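So the structure is just underneath, and the comments pick up after that.
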Amino acid sequence: MNQAERPSRRFWVNNTKGQKLRMANLGNPKNTIEIIQKHGFRFQKKFGQNFLIDTHVLDKIVAAAGVTKDDLVLEIGPGIGTMTQYLAEAAREVIAVEIDKNLIPILEETLSEYDNVTILNEDILKVDIAALAEEKNGGKPIKVVANLPYYITTPIIMGLFESKVPLENITIMVQKEVADRMQVGPGTKDYGALSLAVQFYAKPEIVANVPPNCFMPRPNVGSAVIRLTRYPESPVQVNDEKKMFMIIRASFNQRRKTLVNGLTNAGELNLSKEQVAAALAKMNLPETIRGEALTLEQFAELSNLIF
């Protein structure tokens, strides 16, 4: 959809006299400042709060997620409702999960005119998303959109994948280096357990780089929007997914060590050097190889041989 074809955004809200007024687009910094000051909101560092204030980036996120009027969208960390407004305009229904109770009164105001938005004051890691998808979407795949702080990115993404939530895609704003880590391959310094875990479940694609001046308050690092499109089936076949990820984690816990030493030093695996060396020999790989040199396919093969 090009710019000319996009529907105009209505953004309505009621004033104190109950009159319906056009709601200011929160993607505009002036409007964001006004709503924050009105409610006396204070940013909390522990939640990694940085609100997006760039309408072009907001449009890019909605477009990248491919949100349509048939979709149920789960938004993680709506903040003051900036992205939620855009999603509500595009989707059939939006469930916005916000952990900070101080933002709930703001969300109730900024989203008051949207009858297709449900606000949950919850920790996303404790929400039964599969049950929500079943109740609200008949178990059909949902789309996830989020602006995630660094400290919680991996637990949320892996929680969504590992809990078998029906997903079509996850479109998230993360720290640039984390986005890079998700899509790189073997032999690079950013390649690691997160790269392999994401690529086991989904196809990662960075769709936009976002500089610090697009946020309030301004973060110290650049960000990126990355779309993770869920595979119907994983691109590799592995006998025991859990054990393969144990091997992957052990391989990168001490990434400068050889794979043989890394795996035999991992107590949870209980492997001997002879077992690991024999598996590598069958794969025509030297005993001196490090985990960072193996592809996802090779980790799956190694796991299948060992277990």
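By convention here, the chains of the structure tokens are called A, B, ... in the order presented, each chain's residues are numbered starting at 1, and ligands are numbered starting at 1 in the order presented.
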Members of region 58-236 of chain A assigned alpha helix (DSSP H) by DSSP, as a PyMOL selection string
chain A and resi 58-65+82-90+104-110+129-137+150-162+176-183+193-201
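Here CA of Val276 (chain A) stands at a distance of 23.5 Å from CA of Thr188 (chain A).
Summary of the local environment: counting only C-alpha atoms, residues at most 10 Å from Asp100 (chain A), other than itself and those fewer than 6 positions away along its chain, are Gln44, Phe47, Gln49, Gly77, Pro78, Gly79, Asn121, Glu122 and Asp123 of chain A.
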Just to be explicit: take each residue in the selection above, keep C-alpha atoms, and write the result as a compact mmCIF listing (two decimals), in the first residue's frame.
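Listing of result-v1.txt after writing:
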```
# COMPACT_ATOMS: atom_id res chain seq x y z
CA GLN A 44 11.28 4.29 34.75
CA PHE A 47 11.29 -0.90 32.32
CA GLN A 49 10.98 3.03 28.54
CA GLY A 77 4.80 -2.66 25.91
CA PRO A 78 2.39 -0.10 24.40
CA GLY A 79 3.72 2.75 26.56
CA ASN A 121 -1.76 -4.56 33.00
CA GLU A 122 0.39 -7.69 33.13
CA ASP A 123 3.92 -9.03 32.84
```
Using only C-alpha atoms, which residues of region 208-254 of chain A come within 12 Å of region 139-162 of chain A, and what is the closest atom pair for each, with the distance in Å to one decimal? Give it as JSON lines, sorted by chain and residue number.
```
{"residue": "A:Val210", "atom": "CA", "partner": "A:Asn147", "partner_atom": "CA", "distance": 11.7}
{"residue": "A:Phe215", "atom": "CA", "partner": "A:Asn147", "partner_atom": "CA", "distance": 10.9}
{"residue": "A:Pro219", "atom": "CA", "partner": "A:Pro149", "partner_atom": "CA", "distance": 10.4}
{"residue": "A:Val221", "atom": "CA", "partner": "A:Tyr150", "partner_atom": "CA", "distance": 10.7}
{"residue": "A:Gly222", "atom": "CA", "partner": "A:Tyr150", "partner_atom": "CA", "distance": 11.7}
{"residue": "A:Ser223", "atom": "CA", "partner": "A:Asn147", "partner_atom": "CA", "distance": 9.7}
{"residue": "A:Ala224", "atom": "CA", "partner": "A:Asn147", "partner_atom": "CA", "distance": 9.8}
{"residue": "A:Val225", "atom": "CA", "partner": "A:Asn147", "partner_atom": "CA", "distance": 8.7}
{"residue": "A:Ile226", "atom": "CA", "partner": "A:Val145", "partner_atom": "CA", "distance": 10.1}
{"residue": "A:Arg227", "atom": "CA", "partner": "A:Val145", "partner_atom": "CA", "distance": 9.2}
{"residue": "A:Leu228", "atom": "CA", "partner": "A:Ile157", "partner_atom": "CA", "distance": 9.6}
{"residue": "A:Thr229", "atom": "CA", "partner": "A:Lys143", "partner_atom": "CA", "distance": 9.6}
{"residue": "A:Arg230", "atom": "CA", "partner": "A:Phe161", "partner_atom": "CA", "distance": 8.6}
{"residue": "A:Tyr231", "atom": "CA", "partner": "A:Phe161", "partner_atom": "CA", "distance": 10.6}
{"residue": "A:Pro232", "atom": "CA", "partner": "A:Pro141", "partner_atom": "CA", "distance": 10.8}
{"residue": "A:Ser234", "atom": "CA", "partner": "A:Phe161", "partner_atom": "CA", "distance": 11.4}
{"residue": "A:Glu241", "atom": "CA", "partner": "A:Glu162", "partner_atom": "CA", "distance": 10.1}
{"residue": "A:Lys242", "atom": "CA", "partner": "A:Glu162", "partner_atom": "CA", "distance": 9.8}
{"residue": "A:Phe245", "atom": "CA", "partner": "A:Glu162", "partner_atom": "CA", "distance": 11.4}
```
Kindly save the residues from that selection, with N, CA and C atoms included, as an mmCIF file, in the first residue's frame.
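The resulting file, selection_37.cif, is reproduced below:
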```cif
data_model
loop_
_atom_site.group_PDB
_atom_site.id
_atom_site.type_symbol
_atom_site.label_atom_id
_atom_site.label_comp_id
_atom_site.auth_asym_id
_atom_site.auth_seq_id
_atom_site.Cartn_x
_atom_site.Cartn_y
_atom_site.Cartn_z
ATOM 1 N N VAL A 210 16.729 2.551 13.080
ATOM 2 C CA VAL A 210 16.077 3.695 13.724
ATOM 3 C C VAL A 210 17.072 4.416 14.635
ATOM 4 N N PHE A 215 13.243 8.682 19.438
ATOM 5 C CA PHE A 215 12.652 8.247 20.702
ATOM 6 C C PHE A 215 12.658 9.364 21.741
ATOM 7 N N PRO A 219 17.646 7.257 23.599
ATOM 8 C CA PRO A 219 18.551 6.219 24.118
ATOM 9 C C PRO A 219 19.996 6.490 23.698
ATOM 10 N N VAL A 221 21.939 4.259 22.267
ATOM 11 C CA VAL A 221 22.322 3.410 21.132
ATOM 12 C C VAL A 221 21.238 3.436 20.051
ATOM 13 N N GLY A 222 21.630 3.028 18.850
ATOM 14 C CA GLY A 222 20.676 2.926 17.757
ATOM 15 C C GLY A 222 19.798 1.694 17.902
ATOM 16 N N SER A 223 18.662 1.706 17.223
ATOM 17 C CA SER A 223 17.722 0.598 17.266
ATOM 18 C C SER A 223 17.443 0.100 15.853
ATOM 19 N N ALA A 224 16.745 -1.013 15.765
ATOM 20 C CA ALA A 224 16.349 -1.543 14.462
ATOM 21 C C ALA A 224 15.014 -2.252 14.612
ATOM 22 N N VAL A 225 14.231 -2.229 13.528
ATOM 23 C CA VAL A 225 12.993 -2.999 13.473
ATOM 24 C C VAL A 225 13.314 -4.283 12.723
ATOM 25 N N ILE A 226 13.034 -5.413 13.362
ATOM 26 C CA ILE A 226 13.289 -6.702 12.719
ATOM 27 C C ILE A 226 12.005 -7.526 12.704
ATOM 28 N N ARG A 227 11.737 -8.134 11.557
ATOM 29 C CA ARG A 227 10.549 -9.001 11.434
ATOM 30 C C ARG A 227 11.003 -10.454 11.455
ATOM 31 N N LEU A 228 10.388 -11.234 12.332
ATOM 32 C CA LEU A 228 10.668 -12.665 12.427
ATOM 33 C C LEU A 228 9.445 -13.409 11.898
ATOM 34 N N THR A 229 9.567 -13.955 10.708
ATOM 35 C CA THR A 229 8.440 -14.661 10.089
ATOM 36 C C THR A 229 8.525 -16.137 10.459
ATOM 37 N N ARG A 230 7.543 -16.620 11.187
ATOM 38 C CA ARG A 230 7.568 -17.986 11.731
ATOM 39 C C ARG A 230 7.536 -19.013 10.609
ATOM 40 N N TYR A 231 8.429 -20.006 10.695
ATOM 41 C CA TYR A 231 8.407 -21.116 9.744
ATOM 42 C C TYR A 231 7.250 -22.055 10.076
ATOM 43 N N PRO A 232 6.522 -22.550 9.061
ATOM 44 C CA PRO A 232 5.508 -23.583 9.329
ATOM 45 C C PRO A 232 6.167 -24.817 9.948
ATOM 46 N N SER A 234 10.383 -26.133 11.051
ATOM 47 C CA SER A 234 11.776 -25.705 11.143
ATOM 48 C C SER A 234 12.561 -26.157 9.909
ATOM 49 N N GLU A 241 14.826 -31.345 20.275
ATOM 50 C CA GLU A 241 15.045 -29.892 20.182
ATOM 51 C C GLU A 241 15.692 -29.338 21.448
ATOM 52 N N LYS A 242 15.221 -29.808 22.598
ATOM 53 C CA LYS A 242 15.736 -29.305 23.876
ATOM 54 C C LYS A 242 17.225 -29.618 24.027
ATOM 55 N N PHE A 245 19.492 -27.442 21.819
ATOM 56 C CA PHE A 245 19.735 -26.106 22.372
ATOM 57 C C PHE A 245 20.664 -26.151 23.586
#
```
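Picture a line from CA of Asn213 (chain A) to CA of Ile33 (chain A); it runs 14.6 Å.
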Quick one: residues within 12 Å of Ser303 (chain A), only C-alpha atoms, excluding same-chain residues fewer than 4 positions away - as number ranges by chain?
A: 236-248, 251, 263, 269, 271, 275-276, 279-280, 283, 296-299, 307
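Residues surrounding Ile289 (chain A) within 10 Å are Lys257, Thr258, Leu259, Val260, Leu280, Leu285, Pro286, Glu287, Gly291, Glu292, Ala293 and Leu294 of chain A [only C-alpha atoms; sequence separation below 2 positions excluded].
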Generate a file of the selected residues that holds C-alpha atoms, formatted as a tab-separated table (two decimals), in the first residue's frame.
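Output contents, as saved in part06.tsv:
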```tsv
chain	number	residue	atom	x	y	z
A	257	LYS	CA	37.26	-23.03	23.58
A	258	THR	CA	37.05	-25.87	21.09
A	259	LEU	CA	33.66	-27.49	20.69
A	260	VAL	CA	34.99	-30.69	22.26
A	280	LEU	CA	32.56	-34.69	14.80
A	285	LEU	CA	34.86	-31.93	11.17
A	286	PRO	CA	38.16	-31.53	13.05
A	287	GLU	CA	38.34	-31.85	16.85
A	291	GLY	CA	31.06	-23.83	18.02
A	292	GLU	CA	30.96	-20.45	16.27
A	293	ALA	CA	31.94	-22.19	12.99
A	294	LEU	CA	28.94	-24.54	12.89
```
How would you write, as a PyMOL selection string, the set of residues in region 4-189 of chain A that DSSP gives as strand (DSSP E)?
chain A and resi 12-14+20-22+51-52+72-76+93-97+117-120+142-147+167-175
